[in-house]
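> The following block contains the structure, expressed as structure tokens.
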Amino acid sequence: MNEIPTPILADIDEPPADVNRAPKMSARDVSVFYGDKQALKDVSIDIRDDRVTAFIGPSGCGKSTFLRCLNRMNDTIPSARVTGDISLDGQDIYHSNMDVVQLRARVGMVFQKPNPFPKSIYDNVAYGPKIHGLATSKTEMDGIVEKSLKRAGLWDEVKDRLSESGTALSGGQQQRLCIARAIAVDPEVILMDEPCSALDPIATAKIEELIHELRGRYAIAIVTHNMQQAARVSQRTAFFHLGEMVEYGKTSEIFTNPRERRTQDYITGRYG
Amino acid sequence: MEKRVRRRYAAERRFRLLGLLAIGLSVAFLAFLLINMAAKGLGGFTQTEAKLTIDFPRSDIILDPATLKGPEAKRAVASADLEGSLNASALRQYGADASDLFGPAAARQLGRDLISDPSLLSRRADLWLPVASAYDVAAKDQGSAKAEQVIAAIGAKGALQRGFNADFLVASDATDSGVVGVWGALKGSFLTILVTILLAFPVGVLAAVYLEEFAPRNRWTDLIEVSINNLAAVPSIIFGLLGLAVFLNFMHLPRSAPLVGGLTLALMTMPVIVIAGRNAIKSVPPSIRDAALGVGASKMQVVFHHVLPLALPGILTGTIIGMARALGETAPLLMIGMRAFIANPPQGIADPATVLPVQIFLWSDEVGRGFVEKTSAAIIVLLVFMLLMNGIAIYLRNRFERRW
């Protein structure tokens with residue numbers, strides 16, 4: 001595992017949560033099959049909007065698969081089949097009356113590899129609001145773009161070259177551009193699929209800082225290979241192994257006092 | 001160890017040498033083709049002209065200057081036997097052997113001169129007129145002994161010159177090689193290719209998009225894929241037979257029209273565009289689709305906002321190849337009757353027409369010696385047309401590539 005000198009102190013302590021409030025998203029007994037192969041077995045978890053939830057586990061354990069169920073990105077894989085219930089604000093997202101386009105506008109996603117559109121920085125951010133009709137005028141759109149880039153911590157670096165191609169940015173900047181693009185449509189949940197795996201330590205630190213700042217405004221679920229990262233950015237951690245969710249709990253407890261043997265083995269680096 | 005390194009270097013050198021050889025060979029063939037064509041064909045763009053002095057009031061040309069104005073002028077000129085009068089003058093001026101020095105091209109030229117300046121009829125004038133095909137050939141050193149003698153005699157008097165044959169580009173097919181031109185065939189080719197591209201491009205691209213992005217993967221789509229791949233390999237003459245059976249015999253569309261030619265060539269080109277389009281769409285990185293889906297774009301928005309613009313350069317490359325092939329295609333057009341003798345350029349896509357490759361094929365069959373250089377000249381025109389079209393397509397492709 002890499003040791004990243006991070007400027008952020010681990011924010012292990014739970015923010016004062018309103019326990020009476022219903023979770024933003026909740027999954028019950030979710031299983032995923034790719035053809036005949038079961039990739040995920042009966043996962044149940046809640047994602048609250050006042051904290052960051054991290055999914056950790058070795059490669060192929062199903063954590064990315066589960067993340068992609070939360071905004072139905074698995075629909076694009078013809079052989080994938082999902083059973084169980086996932087709800088957003090109590091509404092079943094796999095119900096036939098749920099419009100998948102609306103769902104993905106509410107549940108945004110940031111991918112493993114930075115994937116900006118080969119368009120200008122401005123157009124990258126403006127694309128989502130444009131197709132959802134969120135802005136009625138040019139000035140309104142300018143405002144959305146500026147606000148999103150500021151929230152993604154990219155504004156100061158790109159404000160003078162908004163018309164340049166998004167693909168010309170550095171890897172870390174591209175990933176923050178992707179985050180800006182995701183928050184431009186004002187989602188309620190942001191899913192991050194190993195957002196730092198293609199980035200260097202400094203860019204990683206910036207993204208982690210950004211996750212801290214976004215916490216509370218959006219429900220965030222992050223998949224990561226990097227346990228230190230999970231410890232630094234999340235308040236809840238779920239450990240996945242071979243398609244099962246082995247353990248779920250407060251991040252501090254998972255990392256200091258895991259209940260399960262397998263969790264402990266993974267965290268101490270015995271496999272993974 | 002050292003021996004293996006040496007062997008590796010030797011193998012690399014050999015491979016590079018072979019590559020150079022292959023490139024050299026293809027360049028040599030291309031150069032041979034171009035030089036050969038230019039040497040034979042450039043003569044087709046020039047025309048030998050002889051000076052003739054005509055004393056109009058005393059000649060046997062009887063024309064009322066009043067009839068040379070207005071729409072009837074052409075008919076008036078055509079009804080006078082200008083060719084005969086010209087040759088009578090030539091006989092007086094250059095001797096009995098020159099009694100057929102001028103052909104229809106000279107008569108056409110004189111007619112134009114008279115219409116533009118009717119005052120010629122009242123005076124004596126020196127005119128430069130194109131000589132007949134047999135003498136034109138002789139002036140370019142390949143004619144009969146008699147014609148070469150006449151040309152040498154006229155040349156000795158300084159009454160011979162070589163001019164650019166602009167008529168070759170604006171006239172159409174004719175029986176006399178002195179007055180033929182490529183305009184009719186060029187226009188026919190243009191109209192045919194227009195019909196082809198208007199049909200094949202949108203249909204081919206939409207088919208590629210549907211098959212690649214929307215169609216489910218099952219036995220039917222597999223069957224369609226195999227069929228399209230096979231269709232791209234079908235010999236073009238079969239498409240000609242198909243066009244004959246469907247468009248002419250069944251749908252009764254006008255025979256030898258650019259419309260039918262374009263439809264037939266579109267059938268032939270479409271599989272090429274579909275295959276190139278599918279490959280181009282396939283090579284768009286899936287991360288772009290994910291990104292667009294992730295911000296809530298619908299399937300169609302993903303395709304039309306992101307996938308298609310990124311795939312367009314590749315699609316255009318395939319289209320260029322298909323169009324170049326269609327432009328040079330002869331066989332299927334012979335089957336639908338485009339090999340007819342068409343003396344007037346087509347006014348629309350339903351008029352009888354011929355196309356450049358067919359025109360070349362027809363001229364290469366003619367016995368007149370004047371047609372040899374006209375054939376080569378027409379080939380040059382076809383190649384230039386093709387280069388121009390490809391140039392435009394490549395320009396468009398590069399523009400789209402820059403924008404994205």
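If you're wondering about the labels, chains in the structure tokens are A, B, ... by order shown, residues count from 1 in each chain, ligands from 1 in order shown.
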Under the rule of at most 12 Å, produce a per-residue listing of chain B near chain A: chain, number, name, the closest pair of atoms, and the distance in Å, as a Markdown table, using only C-alpha atoms.


| residue | atom | partner | partner_atom | distance |
| --- | --- | --- | --- | --- |
| B:Glu213 | CA | A:Thr76 | CA | 10.4 |
| B:Phe214 | CA | A:Thr76 | CA | 10.8 |
| B:Ala215 | CA | A:Pro78 | CA | 11.2 |
| B:Pro216 | CA | A:Pro78 | CA | 8.5 |
| B:Arg217 | CA | A:Pro78 | CA | 8.8 |
| B:Asn218 | CA | A:Pro78 | CA | 11.3 |
| B:Val284 | CA | A:Pro118 | CA | 11.4 |
| B:Pro285 | CA | A:Asn115 | CA | 9.5 |
| B:Pro286 | CA | A:Asn115 | CA | 9.6 |
| B:Ser287 | CA | A:Asn115 | CA | 6.0 |
| B:Ile288 | CA | A:Asn115 | CA | 6.3 |
| B:Arg289 | CA | A:Asn115 | CA | 9.5 |
| B:Asp290 | CA | A:Met73 | CA | 8.0 |
| B:Ala291 | CA | A:Asn115 | CA | 6.4 |
| B:Ala292 | CA | A:Gly128 | CA | 8.2 |
| B:Leu293 | CA | A:Arg104 | CA | 7.4 |
| B:Gly294 | CA | A:Met109 | CA | 5.4 |
| B:Val295 | CA | A:Ala105 | CA | 5.6 |
| B:Gly296 | CA | A:Arg104 | CA | 4.7 |
| B:Ala297 | CA | A:Val101 | CA | 6.2 |
| B:Ser298 | CA | A:Val101 | CA | 5.9 |
| B:Lys299 | CA | A:Val101 | CA | 9.0 |
| B:Met300 | CA | A:Val101 | CA | 11.3 |
| B:Gln301 | CA | A:Ile131 | CA | 8.3 |
| B:Val302 | CA | A:Ile131 | CA | 10.6 |
| B:His305 | CA | A:Tyr127 | CA | 9.6 |
| B:His306 | CA | A:Phe117 | CA | 7.9 |
| B:Val307 | CA | A:Phe117 | CA | 10.4 |
| B:Pro309 | CA | A:Pro118 | CA | 10.2 |
| B:Leu310 | CA | A:Pro118 | CA | 8.6 |
| B:Glu401 | CA | A:Pro118 | CA | 10.6 |
| B:Arg402 | CA | A:Pro118 | CA | 10.4 |
| B:Arg403 | CA | A:Lys119 | CA | 8.2 |
| B:Trp404 | CA | A:Pro118 | CA | 5.6 |

> Extract, using only C-alpha atoms, all DNA, RNA and protein residues at most 10 Å from stretch 384-391 of chain B, discarding same-chain residues fewer than 6 positions from it, and format them as a PyMOL selection string.

chain B and resi 186+189-190+317+319-321+323-325+327-328+356+378+397

> Write out as JSON, numbers by chain each polymer residue whose atoms come within 9 Å of B:Ser116, counting only C-alpha atoms; drop sequence neighbours fewer than 3 positions from it.

{"B": [68, 69, 111, 112, 113]}

> Go ahead and write the residues just picked, N, CA and C atoms, as an mmCIF file, in the first residue's frame.


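File written: part-v1.cif
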data_model
loop_
_atom_site.group_PDB
_atom_site.id
_atom_site.type_symbol
_atom_site.label_atom_id
_atom_site.label_comp_id
_atom_site.auth_asym_id
_atom_site.auth_seq_id
_atom_site.Cartn_x
_atom_site.Cartn_y
_atom_site.Cartn_z
ATOM 1 N N LEU B 68 -28.700 36.738 -87.886
ATOM 2 C CA LEU B 68 -27.696 36.316 -86.907
ATOM 3 C C LEU B 68 -27.921 36.927 -85.531
ATOM 4 N N LYS B 69 -29.074 37.566 -85.350
ATOM 5 C CA LYS B 69 -29.385 38.109 -84.021
ATOM 6 C C LYS B 69 -30.585 37.367 -83.466
ATOM 7 N N GLY B 111 -19.272 29.573 -86.959
ATOM 8 C CA GLY B 111 -20.634 29.966 -86.608
ATOM 9 C C GLY B 111 -20.652 30.870 -85.391
ATOM 10 N N ARG B 112 -19.883 30.500 -84.377
ATOM 11 C CA ARG B 112 -19.818 31.326 -83.164
ATOM 12 C C ARG B 112 -19.243 32.708 -83.472
ATOM 13 N N ASP B 113 -18.167 32.699 -84.306
ATOM 14 C CA ASP B 113 -17.551 33.977 -84.665
ATOM 15 C C ASP B 113 -18.558 34.883 -85.365
#

> To one decimal place in Å, what is the distance between atom CA of B:Leu160 and atom CA of B:Leu42?

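Atom CA of B:Leu160 sits 18.8 Å away from atom CA of B:Leu42.
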
> Considering only C-alpha atoms, return as an mmCIF file with N, CA and C atoms, in the first residue's frame whatever protein or nucleic-acid residues lie within 12 Å of A:Thr224, sequence-local ones (same chain, fewer than 6 positions apart) excluded.


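Written file, result33.cif:
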data_model
loop_
_atom_site.group_PDB
_atom_site.id
_atom_site.type_symbol
_atom_site.label_atom_id
_atom_site.label_comp_id
_atom_site.auth_asym_id
_atom_site.auth_seq_id
_atom_site.Cartn_x
_atom_site.Cartn_y
_atom_site.Cartn_z
ATOM 1 N N THR A 53 -19.616 7.175 2.578
ATOM 2 C CA THR A 53 -19.554 5.727 2.760
ATOM 3 C C THR A 53 -18.512 5.164 1.806
ATOM 4 N N ALA A 54 -17.569 4.389 2.373
ATOM 5 C CA ALA A 54 -16.524 3.810 1.528
ATOM 6 C C ALA A 54 -16.759 2.318 1.370
ATOM 7 N N PHE A 55 -16.504 1.815 0.151
ATOM 8 C CA PHE A 55 -16.537 0.370 -0.093
ATOM 9 C C PHE A 55 -15.111 -0.070 -0.350
ATOM 10 N N ILE A 56 -14.613 -0.998 0.479
ATOM 11 C CA ILE A 56 -13.266 -1.503 0.243
ATOM 12 C C ILE A 56 -13.325 -3.007 0.005
ATOM 13 N N GLY A 57 -12.213 -3.538 -0.462
ATOM 14 C CA GLY A 57 -12.159 -4.977 -0.712
ATOM 15 C C GLY A 57 -11.204 -5.274 -1.836
ATOM 16 N N PRO A 58 -10.805 -6.542 -1.943
ATOM 17 C CA PRO A 58 -9.866 -6.905 -3.000
ATOM 18 C C PRO A 58 -10.520 -6.817 -4.387
ATOM 19 N N SER A 59 -9.702 -6.896 -5.429
ATOM 20 C CA SER A 59 -10.219 -6.812 -6.801
ATOM 21 C C SER A 59 -11.240 -7.910 -7.050
ATOM 22 N N CYS A 61 -14.268 -8.140 -5.959
ATOM 23 C CA CYS A 61 -15.100 -8.512 -4.821
ATOM 24 C C CYS A 61 -16.526 -8.025 -4.986
ATOM 25 N N GLY A 62 -16.790 -7.233 -6.026
ATOM 26 C CA GLY A 62 -18.158 -6.808 -6.273
ATOM 27 C C GLY A 62 -18.468 -5.396 -5.812
ATOM 28 N N LYS A 63 -17.472 -4.679 -5.297
ATOM 29 C CA LYS A 63 -17.775 -3.338 -4.772
ATOM 30 C C LYS A 63 -18.140 -2.360 -5.888
ATOM 31 N N SER A 64 -17.418 -2.439 -7.031
ATOM 32 C CA SER A 64 -17.771 -1.563 -8.155
ATOM 33 C C SER A 64 -19.111 -1.962 -8.752
ATOM 34 N N LEU A 67 -21.722 -0.475 -6.649
ATOM 35 C CA LEU A 67 -21.821 0.975 -6.862
ATOM 36 C C LEU A 67 -22.599 1.275 -8.146
ATOM 37 N N PHE A 111 -15.885 8.366 -12.512
ATOM 38 C CA PHE A 111 -15.347 7.057 -12.888
ATOM 39 C C PHE A 111 -13.876 6.922 -12.512
ATOM 40 N N GLN A 112 -13.423 5.679 -12.643
ATOM 41 C CA GLN A 112 -12.046 5.342 -12.275
ATOM 42 C C GLN A 112 -11.040 6.153 -13.076
ATOM 43 N N LEU A 191 -21.610 9.032 -6.723
ATOM 44 C CA LEU A 191 -20.914 7.755 -6.625
ATOM 45 C C LEU A 191 -19.530 7.936 -7.225
ATOM 46 N N MET A 192 -18.508 7.485 -6.511
ATOM 47 C CA MET A 192 -17.147 7.607 -7.032
ATOM 48 C C MET A 192 -16.522 6.224 -7.101
ATOM 49 N N ASP A 193 -16.143 5.837 -8.309
ATOM 50 C CA ASP A 193 -15.600 4.497 -8.525
ATOM 51 C C ASP A 193 -14.078 4.599 -8.623
ATOM 52 N N GLU A 194 -13.403 4.389 -7.528
ATOM 53 C CA GLU A 194 -11.937 4.503 -7.463
ATOM 54 C C GLU A 194 -11.450 5.777 -8.160
ATOM 55 N N PRO A 195 -11.882 6.927 -7.679
ATOM 56 C CA PRO A 195 -11.603 8.159 -8.425
ATOM 57 C C PRO A 195 -10.130 8.543 -8.451
ATOM 58 N N CYS A 196 -9.324 7.944 -7.575
ATOM 59 C CA CYS A 196 -7.922 8.375 -7.490
ATOM 60 C C CYS A 196 -6.949 7.323 -7.997
ATOM 61 N N SER A 197 -7.469 6.220 -8.526
ATOM 62 C CA SER A 197 -6.550 5.126 -8.848
ATOM 63 C C SER A 197 -5.621 5.472 -10.001
ATOM 64 N N ALA A 198 -6.000 6.472 -10.824
ATOM 65 C CA ALA A 198 -5.132 6.821 -11.950
ATOM 66 C C ALA A 198 -4.354 8.103 -11.673
ATOM 67 N N THR A 204 -4.290 13.092 -5.758
ATOM 68 C CA THR A 204 -5.149 12.310 -4.881
ATOM 69 C C THR A 204 -5.529 13.117 -3.645
ATOM 70 N N GLU A 208 -9.243 14.126 -2.292
ATOM 71 C CA GLU A 208 -9.729 13.763 -0.952
ATOM 72 C C GLU A 208 -10.215 14.996 -0.201
ATOM 73 N N ALA A 230 -9.728 5.210 2.371
ATOM 74 C CA ALA A 230 -11.024 4.962 3.000
ATOM 75 C C ALA A 230 -11.022 5.511 4.419
ATOM 76 N N ALA A 231 -9.915 5.274 5.128
ATOM 77 C CA ALA A 231 -9.828 5.742 6.502
ATOM 78 C C ALA A 231 -9.852 7.262 6.565
ATOM 79 N N ARG A 232 -9.227 7.901 5.573
ATOM 80 C CA ARG A 232 -9.144 9.365 5.611
ATOM 81 C C ARG A 232 -10.462 10.036 5.253
ATOM 82 N N VAL A 233 -11.177 9.504 4.254
ATOM 83 C CA VAL A 233 -12.301 10.280 3.740
ATOM 84 C C VAL A 233 -13.663 9.835 4.260
ATOM 85 N N SER A 234 -13.779 8.630 4.800
ATOM 86 C CA SER A 234 -15.135 8.133 5.040
ATOM 87 C C SER A 234 -15.475 8.082 6.525
ATOM 88 N N THR A 237 -17.634 2.445 6.555
ATOM 89 C CA THR A 237 -16.912 1.610 5.609
ATOM 90 C C THR A 237 -17.600 0.257 5.508
ATOM 91 N N ALA A 238 -17.690 -0.219 4.268
ATOM 92 C CA ALA A 238 -18.201 -1.573 4.048
ATOM 93 C C ALA A 238 -17.077 -2.383 3.421
ATOM 94 N N PHE A 239 -16.847 -3.578 3.975
ATOM 95 C CA PHE A 239 -15.803 -4.432 3.423
ATOM 96 C C PHE A 239 -16.457 -5.540 2.605
ATOM 97 N N PHE A 240 -16.054 -5.648 1.340
ATOM 98 C CA PHE A 240 -16.606 -6.656 0.436
ATOM 99 C C PHE A 240 -15.563 -7.727 0.195
#

> Residues of stretch 16-262 of chain A in strand (DSSP E or B) according to DSSP, as an NGL selection string?

:A and (25-34 or 37-47 or 52-56 or 80-88 or 91-92 or 107-110 or 120 or 165 or 189-193 or 215 or 218-223 or 236-241 or 244-250)
